[in-house]
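Below: one structure, written as structure tokens.
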Amino acid sequence: VYLVLCAFFNRPKIIHFQWLPFLEVSSIERYFMRLIKVVSPKSKIWLTVHNIYPHNSSEKARERYKTRFAAVENFFDMFILHLQTSKSEFCGEFGISEARCKVIPHGVFVPQDLKITHHQRGDKLRLVMFGNQSYYKGTDVLVDAIALLPKEIQDQVTTTIVGQTPDDYLKTLQEKAVGLDIKFIPKFVPDDVLNGIILESDVIVLPYREISQSGVLLLALYFERPIICSGLPSFKETLEGYNSHLFFEKDSPKDLARVIAGMVSEPNLDATDVQSLKKKYSWENIAQMVGDYVQ
């Protein structure tokens, strides 16, 4: 209601939606869109598509989502995708013309009042995986990779996995991790606690099986740690120019173990590429790109 009133009194040039919060369960938002078009017919309406589909959605759920999306997509003048790979997938999945889509990267997430600190690597290589844990994020791939390391390499690696984890998945992970130096913190932790855990780490690991756009990756860039991640098209596009030897074949614990073993053997971990990507995805640069489209 507030948005409709703002549109009526201000008649903005652009109304930019970041989310359609009801779309996962209903297409009710088409009525709000229609009302906005009535009260402010000259306003252009944009939608940023952060994810092609809701996370952890089944094939049936995706079909229902496509039907609901079809009921609202005609109200939007432009869609913003964060990656070229996401744009291609989005247009293909929903039958949207590429002319209605623009690619603007997502900026790096910047934690409030946090200073980046660096430290010397200790006796063990400290790996961290953070964020809500689930199958599509490949948490089990990381645990299996640690288990595949030779004993002399395992003794030089310690791993922390932090984030809410479904009970059944956590049980599977814990069974796999018996005898390994892996610490689970299977719950939501406050930002300051999470930031401290990441700052104490040497390497961030993202073993995802699939993702359109990863907010975890964009937060990981902020901390200026080397990042090991699966070679998904979206990861490779976001990390364009990044050290190729830190990518591994998705859903392959063996290949991830190979990369981790290589990191153990390196006395110095270079994060120069991460620092340059952090600058590339600064909010100043993103704002300039959005401004160019507005003009």
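Going by the structure tokens order, chains are called A, B, ..., each with residues numbered from 1, while ligands are numbered from 1 in the order shown.
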Requested in this report: Identify, on the basis of only C-alpha atoms, every residue whose closest approach to Val189 in chain A does not exceed 10 Å; exclude the query and any residue fewer than 3 positions from it along the same chain; express the result as a count of residues only.
Outcome: 10
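Taking only range 82-156 of chain A, the residues that DSSP calls alpha helix (DSSP H) from the backbone come to Gln84, Thr85, Ser86, Lys87, Ser88, Glu89, Phe90, Cys91, Gly92, Glu93, Phe94, Thr139, Asp140, Val141, Leu142, Val143, Asp144, Ala145, Ile146, Ala147, Leu148, Lys151, Glu152, Ile153 and Gln154 of chain A.
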Judged by only C-alpha atoms, the minimum distance to His119 in chain A among A:Leu256, A:Ile28, A:Val38, A:Ile198 is found for A:Ile198
For this session: Would you mind writing down, as a ChimeraX atom specification, each residue of range 172-268 of chain A that DSSP on the backbone assigns to strand (DSSP E)?
Result: /A:182-185,203-206,227-230,247-248
Let's have the selection written as a PDB file, in the first residue's frame, with N, CA and C atoms.
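Dumped everything to part_26.pdb:
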ATOM      1  N   ILE A 182      37.258 -31.983  11.802  1.00  0.00           N
ATOM      2  CA  ILE A 182      36.201 -31.130  11.249  1.00  0.00           C
ATOM      3  C   ILE A 182      35.286 -30.707  12.385  1.00  0.00           C
ATOM      4  N   LYS A 183      35.104 -29.408  12.535  1.00  0.00           N
ATOM      5  CA  LYS A 183      34.226 -28.857  13.561  1.00  0.00           C
ATOM      6  C   LYS A 183      32.944 -28.345  12.914  1.00  0.00           C
ATOM      7  N   PHE A 184      31.810 -28.813  13.419  1.00  0.00           N
ATOM      8  CA  PHE A 184      30.522 -28.354  12.917  1.00  0.00           C
ATOM      9  C   PHE A 184      29.917 -27.356  13.908  1.00  0.00           C
ATOM     10  N   ILE A 185      29.435 -26.240  13.381  1.00  0.00           N
ATOM     11  CA  ILE A 185      28.633 -25.290  14.162  1.00  0.00           C
ATOM     12  C   ILE A 185      27.315 -25.172  13.393  1.00  0.00           C
ATOM     13  N   VAL A 203      41.647 -20.329   4.299  1.00  0.00           N
ATOM     14  CA  VAL A 203      41.054 -20.576   2.985  1.00  0.00           C
ATOM     15  C   VAL A 203      39.551 -20.777   3.142  1.00  0.00           C
ATOM     16  N   ILE A 204      38.772 -20.204   2.227  1.00  0.00           N
ATOM     17  CA  ILE A 204      37.327 -20.395   2.187  1.00  0.00           C
ATOM     18  C   ILE A 204      37.010 -21.419   1.099  1.00  0.00           C
ATOM     19  N   VAL A 205      36.133 -22.368   1.408  1.00  0.00           N
ATOM     20  CA  VAL A 205      35.794 -23.431   0.455  1.00  0.00           C
ATOM     21  C   VAL A 205      34.308 -23.350   0.105  1.00  0.00           C
ATOM     22  N   LEU A 206      34.015 -23.371  -1.203  1.00  0.00           N
ATOM     23  CA  LEU A 206      32.637 -23.342  -1.705  1.00  0.00           C
ATOM     24  C   LEU A 206      32.448 -24.506  -2.679  1.00  0.00           C
ATOM     25  N   ILE A 227      40.090 -18.551  -2.198  1.00  0.00           N
ATOM     26  CA  ILE A 227      38.812 -19.265  -2.255  1.00  0.00           C
ATOM     27  C   ILE A 227      38.974 -20.484  -3.154  1.00  0.00           C
ATOM     28  N   ILE A 228      38.638 -21.651  -2.623  1.00  0.00           N
ATOM     29  CA  ILE A 228      38.562 -22.876  -3.421  1.00  0.00           C
ATOM     30  C   ILE A 228      37.097 -23.092  -3.750  1.00  0.00           C
ATOM     31  N   CYS A 229      36.772 -23.262  -5.019  1.00  0.00           N
ATOM     32  CA  CYS A 229      35.359 -23.467  -5.357  1.00  0.00           C
ATOM     33  C   CYS A 229      35.204 -24.379  -6.563  1.00  0.00           C
ATOM     34  N   SER A 230      34.026 -24.979  -6.653  1.00  0.00           N
ATOM     35  CA  SER A 230      33.723 -25.846  -7.782  1.00  0.00           C
ATOM     36  C   SER A 230      33.655 -25.017  -9.060  1.00  0.00           C
ATOM     37  N   PHE A 247      40.044 -23.885  -8.777  1.00  0.00           N
ATOM     38  CA  PHE A 247      38.754 -24.463  -9.155  1.00  0.00           C
ATOM     39  C   PHE A 247      38.893 -25.984  -9.197  1.00  0.00           C
ATOM     40  N   PHE A 248      37.813 -26.680  -8.866  1.00  0.00           N
ATOM     41  CA  PHE A 248      37.828 -28.141  -8.981  1.00  0.00           C
ATOM     42  C   PHE A 248      36.539 -28.600  -9.649  1.00  0.00           C
TER      43      PHE A 248
END
Practice task
Using only C-alpha atoms, determine which residues lie at most 12 Å from Tyr222 in chain A, disregarding the query and same-chain residues fewer than 5 positions distant; provide the list as a PyMOL selection string.
Solution key: chain A and resi 107-112+114-117+195+198-199+204+215-217+227+271+273-283
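Nearest residue to Ser26 in chain A, choosing from A:His245, A:Lys66, A:Arg121, A:Lys44 and counting only C-alpha atoms: A:Lys66.
Using only C-alpha atoms, the protein and nucleic acid residues lying no more than 9 Å from Val103 in chain A, apart from those fewer than 2 places from it along its own chain, are Phe79, Ile80, Leu81, His82, Leu83, Gln84, Ser86, Lys87, Cys101 and Pro105 of chain A.
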Would you save the residues from that selection as a PDB file, in the first residue's frame, using all heavy atoms?
ATOM      1  N   PHE A  79      14.694  -6.616 -16.720  1.00  0.00           N
ATOM      2  CA  PHE A  79      15.181  -7.538 -15.703  1.00  0.00           C
ATOM      3  C   PHE A  79      16.692  -7.364 -15.583  1.00  0.00           C
ATOM      4  O   PHE A  79      17.392  -7.254 -16.596  1.00  0.00           O
ATOM      5  CB  PHE A  79      14.868  -8.989 -16.079  1.00  0.00           C
ATOM      6  CG  PHE A  79      13.400  -9.284 -16.201  1.00  0.00           C
ATOM      7  CD1 PHE A  79      12.777  -9.284 -17.447  1.00  0.00           C
ATOM      8  CD2 PHE A  79      12.628  -9.534 -15.074  1.00  0.00           C
ATOM      9  CE1 PHE A  79      11.429  -9.556 -17.571  1.00  0.00           C
ATOM     10  CE2 PHE A  79      11.269  -9.804 -15.184  1.00  0.00           C
ATOM     11  CZ  PHE A  79      10.669  -9.809 -16.436  1.00  0.00           C
ATOM     12  N   ILE A  80      17.176  -7.340 -14.351  1.00  0.00           N
ATOM     13  CA  ILE A  80      18.614  -7.271 -14.107  1.00  0.00           C
ATOM     14  C   ILE A  80      19.087  -8.622 -13.598  1.00  0.00           C
ATOM     15  O   ILE A  80      18.543  -9.159 -12.622  1.00  0.00           O
ATOM     16  CB  ILE A  80      18.965  -6.181 -13.079  1.00  0.00           C
ATOM     17  CG1 ILE A  80      18.663  -4.795 -13.671  1.00  0.00           C
ATOM     18  CG2 ILE A  80      20.436  -6.260 -12.663  1.00  0.00           C
ATOM     19  CD1 ILE A  80      18.885  -3.651 -12.714  1.00  0.00           C
ATOM     20  N   LEU A  81      20.058  -9.185 -14.283  1.00  0.00           N
ATOM     21  CA  LEU A  81      20.715 -10.416 -13.855  1.00  0.00           C
ATOM     22  C   LEU A  81      22.148 -10.081 -13.469  1.00  0.00           C
ATOM     23  O   LEU A  81      22.730  -9.132 -13.994  1.00  0.00           O
ATOM     24  CB  LEU A  81      20.708 -11.468 -14.977  1.00  0.00           C
ATOM     25  CG  LEU A  81      19.398 -12.179 -15.357  1.00  0.00           C
ATOM     26  CD1 LEU A  81      18.819 -12.925 -14.166  1.00  0.00           C
ATOM     27  CD2 LEU A  81      18.388 -11.255 -15.975  1.00  0.00           C
ATOM     28  N   HIS A  82      22.724 -10.883 -12.596  1.00  0.00           N
ATOM     29  CA  HIS A  82      24.066 -10.570 -12.110  1.00  0.00           C
ATOM     30  C   HIS A  82      25.177 -11.178 -12.968  1.00  0.00           C
ATOM     31  O   HIS A  82      26.333 -10.773 -12.841  1.00  0.00           O
ATOM     32  CB  HIS A  82      24.224 -11.025 -10.667  1.00  0.00           C
ATOM     33  CG  HIS A  82      23.331 -10.289  -9.715  1.00  0.00           C
ATOM     34  ND1 HIS A  82      23.225  -8.915  -9.715  1.00  0.00           N
ATOM     35  CD2 HIS A  82      22.504 -10.726  -8.731  1.00  0.00           C
ATOM     36  CE1 HIS A  82      22.369  -8.538  -8.779  1.00  0.00           C
ATOM     37  NE2 HIS A  82      21.921  -9.613  -8.171  1.00  0.00           N
ATOM     38  N   LEU A  83      24.832 -12.146 -13.805  1.00  0.00           N
ATOM     39  CA  LEU A  83      25.837 -12.827 -14.616  1.00  0.00           C
ATOM     40  C   LEU A  83      25.292 -13.093 -16.008  1.00  0.00           C
ATOM     41  O   LEU A  83      24.079 -13.253 -16.195  1.00  0.00           O
ATOM     42  CB  LEU A  83      26.233 -14.162 -13.978  1.00  0.00           C
ATOM     43  CG  LEU A  83      26.860 -14.128 -12.580  1.00  0.00           C
ATOM     44  CD1 LEU A  83      26.872 -15.525 -11.982  1.00  0.00           C
ATOM     45  CD2 LEU A  83      28.266 -13.558 -12.645  1.00  0.00           C
ATOM     46  N   GLN A  84      26.186 -13.163 -16.984  1.00  0.00           N
ATOM     47  CA  GLN A  84      25.769 -13.504 -18.335  1.00  0.00           C
ATOM     48  C   GLN A  84      25.204 -14.926 -18.376  1.00  0.00           C
ATOM     49  O   GLN A  84      24.230 -15.201 -19.083  1.00  0.00           O
ATOM     50  CB  GLN A  84      26.953 -13.382 -19.302  1.00  0.00           C
ATOM     51  CG  GLN A  84      26.575 -13.594 -20.763  1.00  0.00           C
ATOM     52  CD  GLN A  84      25.569 -12.579 -21.270  1.00  0.00           C
ATOM     53  OE1 GLN A  84      25.720 -11.383 -21.051  1.00  0.00           O
ATOM     54  NE2 GLN A  84      24.530 -13.052 -21.951  1.00  0.00           N
ATOM     55  N   SER A  86      23.639 -16.398 -15.961  1.00  0.00           N
ATOM     56  CA  SER A  86      22.301 -16.323 -15.365  1.00  0.00           C
ATOM     57  C   SER A  86      21.298 -15.739 -16.363  1.00  0.00           C
ATOM     58  O   SER A  86      20.150 -16.187 -16.453  1.00  0.00           O
ATOM     59  CB  SER A  86      22.322 -15.469 -14.099  1.00  0.00           C
ATOM     60  OG  SER A  86      23.155 -16.032 -13.121  1.00  0.00           O
ATOM     61  N   LYS A  87      21.731 -14.745 -17.122  1.00  0.00           N
ATOM     62  CA  LYS A  87      20.858 -14.143 -18.129  1.00  0.00           C
ATOM     63  C   LYS A  87      20.442 -15.171 -19.166  1.00  0.00           C
ATOM     64  O   LYS A  87      19.254 -15.281 -19.517  1.00  0.00           O
ATOM     65  CB  LYS A  87      21.571 -12.969 -18.806  1.00  0.00           C
ATOM     66  CG  LYS A  87      20.789 -12.345 -19.952  1.00  0.00           C
ATOM     67  CD  LYS A  87      21.573 -11.217 -20.609  1.00  0.00           C
ATOM     68  CE  LYS A  87      20.854 -10.689 -21.851  1.00  0.00           C
ATOM     69  NZ  LYS A  87      21.611  -9.601 -22.510  1.00  0.00           N
ATOM     70  N   CYS A 101      16.658  -7.723 -20.781  1.00  0.00           N
ATOM     71  CA  CYS A 101      17.541  -8.111 -19.685  1.00  0.00           C
ATOM     72  C   CYS A 101      18.889  -7.392 -19.777  1.00  0.00           C
ATOM     73  O   CYS A 101      19.442  -7.238 -20.866  1.00  0.00           O
ATOM     74  CB  CYS A 101      17.784  -9.624 -19.698  1.00  0.00           C
ATOM     75  SG  CYS A 101      16.279 -10.616 -19.573  1.00  0.00           S
ATOM     76  N   PRO A 105      26.605  -6.891 -12.248  1.00  0.00           N
ATOM     77  CA  PRO A 105      27.067  -7.761 -11.154  1.00  0.00           C
ATOM     78  C   PRO A 105      26.533  -7.295  -9.808  1.00  0.00           C
ATOM     79  O   PRO A 105      26.186  -6.128  -9.619  1.00  0.00           O
ATOM     80  CB  PRO A 105      28.598  -7.622 -11.217  1.00  0.00           C
ATOM     81  CG  PRO A 105      28.886  -7.147 -12.604  1.00  0.00           C
ATOM     82  CD  PRO A 105      27.722  -6.284 -12.993  1.00  0.00           C
TER      83      PRO A 105
END
Check: Which neighbours of Ser40 in chain A fall inside 7 Å, counting only C-alpha atoms, when residues of the same chain fewer than 2 positions from it are skipped, and could you give them as a list in words?
Finding: Ala7, Phe8, Arg11, Ile36, Lys37, Val38, Lys42 and Ser43 of chain A
Here CA of Ala61 in chain A and CA of Gln18 in chain A stand apart by 21.4 Å
Inset, instruction - Select, from A:Asp270, A:Gly179, A:Ser201, A:Ile45, the residue with the minimum atom-to-atom distance to Gln154 in chain A, counting only C-alpha atoms. - result: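 Selected residue with least distance to Gln154 in chain A: A:Gly179.
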Among A:Asp202, A:Asp155, A:Glu89, A:Glu266, Asp181 in chain A is approached most closely, using only C-alpha atoms, by A:Asp155
